[in-house]
Amino acid sequence: MKILIINAGSSSLKYQFMDSVSGEVYAKGLCERIGLDGRLTHKVPGRDNVVEDIAMPTHAEAMAAVMDILVDPVKGVIASTDEIDAVGHRVLHGGMEFTASCRVTEEVCAAIERCIPLGPLHNPANLMGIRACQKVMPNTPQVAVFDTAFHMTMPPKAYIYALPYEYFENDNIRRYGFHGTSHRYVSARAIELLGGKPGLRIINCHLGNGSSLSAVVDGKCVDTSMGLTPLAGVPMGTRTGDIDPACLQFIMNKYGYDVDTMLNICNKKSGVMGISGVSSDFRDLETAAEQGNERAQLALDKFAYEVRKYIGAYAAAMGGVDAIVFTAGVGENSAEMRARVMEGLEYLGAKLDAEANRVRGQEAVISTADSKVTVLVIPTNEELMIAQDTAALCQ
Ligand code: AMP
């Protein structure tokens with residue numbers, strides 16, 4: 001089936017039009033500056049990129065611009081919007097309402113709306129994306145795919161926070177986890193590559209600008225590093241990851257910050273950017289560290305150390321580990337970071353093959369033949385997962 005995938009942000013809307021079986025991407029692009037002026041960047045493999053300034057007061061105009069360019073006789077890839085079999089929407093927070101992807105109905109929209117307090121920035125934008133599609137393609141089936149859904153198999157001991165229980169009962173405050181579509185894709189692929197043995201224990205390391213790890217037994221998530229929001233877990237490009245919450249009280253009192261200012265610092269100015277003062281981009285940090293920048297080196301050391309600690313914790317949680325998977329921008333491309341993370345994990349039975357680890361951006365086994373734990377690089381493909389879910393629910 002030909003599926004249009006939509007990932008709507010507060011002022012942006014990414015799209016990808018692809019085949020759910022072959023994975024072929026016909027076109028993809030981005031609407032930016034929605035609500036300000038509006039710009040569309042449209043990419044078709046083998047052609048020059050198209051950039052156009054188009055007025056986009058709301059997501060509806062952005063969606064209309066996407067439709068127009070997809071059917072444009074010169075820049076487009078289809079003759080009519082009837083060729084779009086279904087639309088798959090990436091939705092950030094499904095709360096406790098969604099354990100899997102589902103067809104969009106009014107009830108589903110109402111449930112996504114109920115989850116807005118948990119995803120205040122993304123869920124309203126995701127809903128706007130859905131409404132905009134309903135407006136321009138009223139007869140095309142739509143599916144919502146949730147970033148949190150894969151993690152809903154976690155047992156209570158993994159998802160409960162040690163806060164007074166009423167915050168869980170009354171307000172649904174708990175660990176949810178994110179990057180679920182990526183964790184689902186790479187663990188399914190790892191199981192396939194390892195011959196589909198039942199009971200496999202996998203640790204996924206999705207290391208990118210945002211990073212999260214998950215522990216997966218028999219294809220089901222049993223723990224993950226992000227929490228109520230994507231701020232928890234390992235340090236990230238600009239996010240703190242886990243810290244002592246009392247740090248916040250100390251800083252807020254000393255500098256007179258309100259909660260929003262403090263959380264903005266935790267989300268946008270911390271992580272490896274905060275430690276290094278150089279960049280949130282791991283390539284920049286590796287370059288700066290090579291040139292002797294000690295804080296860039298410290299940021300990289302801290303990141304690798306925290307990822308390694310999570311691997312140890314998840315191995316303990318699962319009573320061992322059969323495979324460790326690296327994915328996303330850093331996990332797929334940085335041999336150096338993979339080597340740093342794996343340093344000292346021989347005690348777990350994980351031995352990295354330095355030569356095999358030189359791989360970039362492609363599927364590979366990077367552990368030695370005698371390693372008890374198989375270490376893999378698996379490029380993630382969240383779009384393909386969304387397309388497959390959408391096709392399966394719309395056939
Ligand atoms: P993502 O959020 O998955 O797109 O990942 C983005 C991150 O991957 C950025 O910090 C990039 O610097 C990092 N990245 C991409 N390629 C490389 C590379 N060859 N070496 C190190 N980091 C990389």
# chains A, B, ... in the order shown; residues from 1 in each chain; ligands from 1

$ closest_atom_pairs --of "chain A" --to "ligand 1" --cutoff "10 Å" --atoms "only C-alpha atoms and all ligand atoms" --output "JSON lines"
{"residue": "A:His206", "atom": "CA", "partner": "ligand 1", "partner_atom_place_in_ligand_line": "3 (O)", "distance": 7.6}
{"residue": "A:Leu207", "atom": "CA", "partner": "ligand 1", "partner_atom_place_in_ligand_line": "3 (O)", "distance": 6.5}
{"residue": "A:Gly208", "atom": "CA", "partner": "ligand 1", "partner_atom_place_in_ligand_line": "5 (O)", "distance": 3.5}
{"residue": "A:Asn209", "atom": "CA", "partner": "ligand 1", "partner_atom_place_in_ligand_line": "2 (O)", "distance": 3.7}
{"residue": "A:Gly210", "atom": "CA", "partner": "ligand 1", "partner_atom_place_in_ligand_line": "2 (O)", "distance": 5.6}
{"residue": "A:Ser211", "atom": "CA", "partner": "ligand 1", "partner_atom_place_in_ligand_line": "2 (O)", "distance": 7.7}
{"residue": "A:Met236", "atom": "CA", "partner": "ligand 1", "partner_atom_place_in_ligand_line": "10 (O)", "distance": 8.9}
{"residue": "A:Gly237", "atom": "CA", "partner": "ligand 1", "partner_atom_place_in_ligand_line": "10 (O)", "distance": 6.5}
{"residue": "A:Thr238", "atom": "CA", "partner": "ligand 1", "partner_atom_place_in_ligand_line": "10 (O)", "distance": 10.0}
{"residue": "A:Val272", "atom": "CA", "partner": "ligand 1", "partner_atom_place_in_ligand_line": "10 (O)", "distance": 9.6}
{"residue": "A:Ser279", "atom": "CA", "partner": "ligand 1", "partner_atom_place_in_ligand_line": "10 (O)", "distance": 8.7}
{"residue": "A:Ser280", "atom": "CA", "partner": "ligand 1", "partner_atom_place_in_ligand_line": "10 (O)", "distance": 6.2}
{"residue": "A:Asp281", "atom": "CA", "partner": "ligand 1", "partner_atom_place_in_ligand_line": "10 (O)", "distance": 3.6}
{"residue": "A:Phe282", "atom": "CA", "partner": "ligand 1", "partner_atom_place_in_ligand_line": "12 (O)", "distance": 3.8}
{"residue": "A:Arg283", "atom": "CA", "partner": "ligand 1", "partner_atom_place_in_ligand_line": "12 (O)", "distance": 4.2}
{"residue": "A:Asp284", "atom": "CA", "partner": "ligand 1", "partner_atom_place_in_ligand_line": "12 (O)", "distance": 6.7}
{"residue": "A:Leu285", "atom": "CA", "partner": "ligand 1", "partner_atom_place_in_ligand_line": "12 (O)", "distance": 8.1}
{"residue": "A:Glu286", "atom": "CA", "partner": "ligand 1", "partner_atom_place_in_ligand_line": "21 (C)", "distance": 7.1}
{"residue": "A:Thr287", "atom": "CA", "partner": "ligand 1", "partner_atom_place_in_ligand_line": "21 (C)", "distance": 9.4}
{"residue": "A:Thr327", "atom": "CA", "partner": "ligand 1", "partner_atom_place_in_ligand_line": "3 (O)", "distance": 7.8}
{"residue": "A:Ala328", "atom": "CA", "partner": "ligand 1", "partner_atom_place_in_ligand_line": "3 (O)", "distance": 3.9}
{"residue": "A:Gly329", "atom": "CA", "partner": "ligand 1", "partner_atom_place_in_ligand_line": "5 (O)", "distance": 3.3}
{"residue": "A:Val330", "atom": "CA", "partner": "ligand 1", "partner_atom_place_in_ligand_line": "8 (O)", "distance": 4.1}
{"residue": "A:Gly331", "atom": "CA", "partner": "ligand 1", "partner_atom_place_in_ligand_line": "8 (O)", "distance": 7.6}
{"residue": "A:Glu332", "atom": "CA", "partner": "ligand 1", "partner_atom_place_in_ligand_line": "16 (N)", "distance": 7.5}
{"residue": "A:Asn333", "atom": "CA", "partner": "ligand 1", "partner_atom_place_in_ligand_line": "19 (N)", "distance": 4.4}
{"residue": "A:Ser334", "atom": "CA", "partner": "ligand 1", "partner_atom_place_in_ligand_line": "20 (N)", "distance": 4.0}
{"residue": "A:Ala335", "atom": "CA", "partner": "ligand 1", "partner_atom_place_in_ligand_line": "20 (N)", "distance": 7.4}
{"residue": "A:Glu336", "atom": "CA", "partner": "ligand 1", "partner_atom_place_in_ligand_line": "20 (N)", "distance": 7.8}
{"residue": "A:Met337", "atom": "CA", "partner": "ligand 1", "partner_atom_place_in_ligand_line": "21 (C)", "distance": 7.4}
{"residue": "A:Arg338", "atom": "CA", "partner": "ligand 1", "partner_atom_place_in_ligand_line": "21 (C)", "distance": 9.8}
{"residue": "A:Arg360", "atom": "CA", "partner": "ligand 1", "partner_atom_place_in_ligand_line": "19 (N)", "distance": 7.2}
{"residue": "A:Gly361", "atom": "CA", "partner": "ligand 1", "partner_atom_place_in_ligand_line": "16 (N)", "distance": 8.5}
{"residue": "A:Pro379", "atom": "CA", "partner": "ligand 1", "partner_atom_place_in_ligand_line": "3 (O)", "distance": 9.6}
{"residue": "A:Thr380", "atom": "CA", "partner": "ligand 1", "partner_atom_place_in_ligand_line": "3 (O)", "distance": 8.7}

$ residues_around --residues "stretch 52-55 of chain A" --least-positions-apart "4" --cutoff "10 Å" --atoms "only C-alpha atoms" --output "PyMOL selection string"
chain A and resi 31-42+61-62+65

$ closest_residue --among "A:Arg175, A:His151, A:His183, A:His93" --to "A:Gly119" --atoms "only C-alpha atoms"
A:His93

$ residues_around --residues "A:Met262" --least-positions-apart "5" --cutoff "8 Å" --atoms "only C-alpha atoms" --output "MDAnalysis selection string"
chainID A and resid 248 252 257

$ select_by_dssp --residues "stretch 73-213 of chain A" --states "strand (DSSP E)" --output "number ranges by chain"
A: 86-91, 102-103, 142-146, 201-207, 211-213
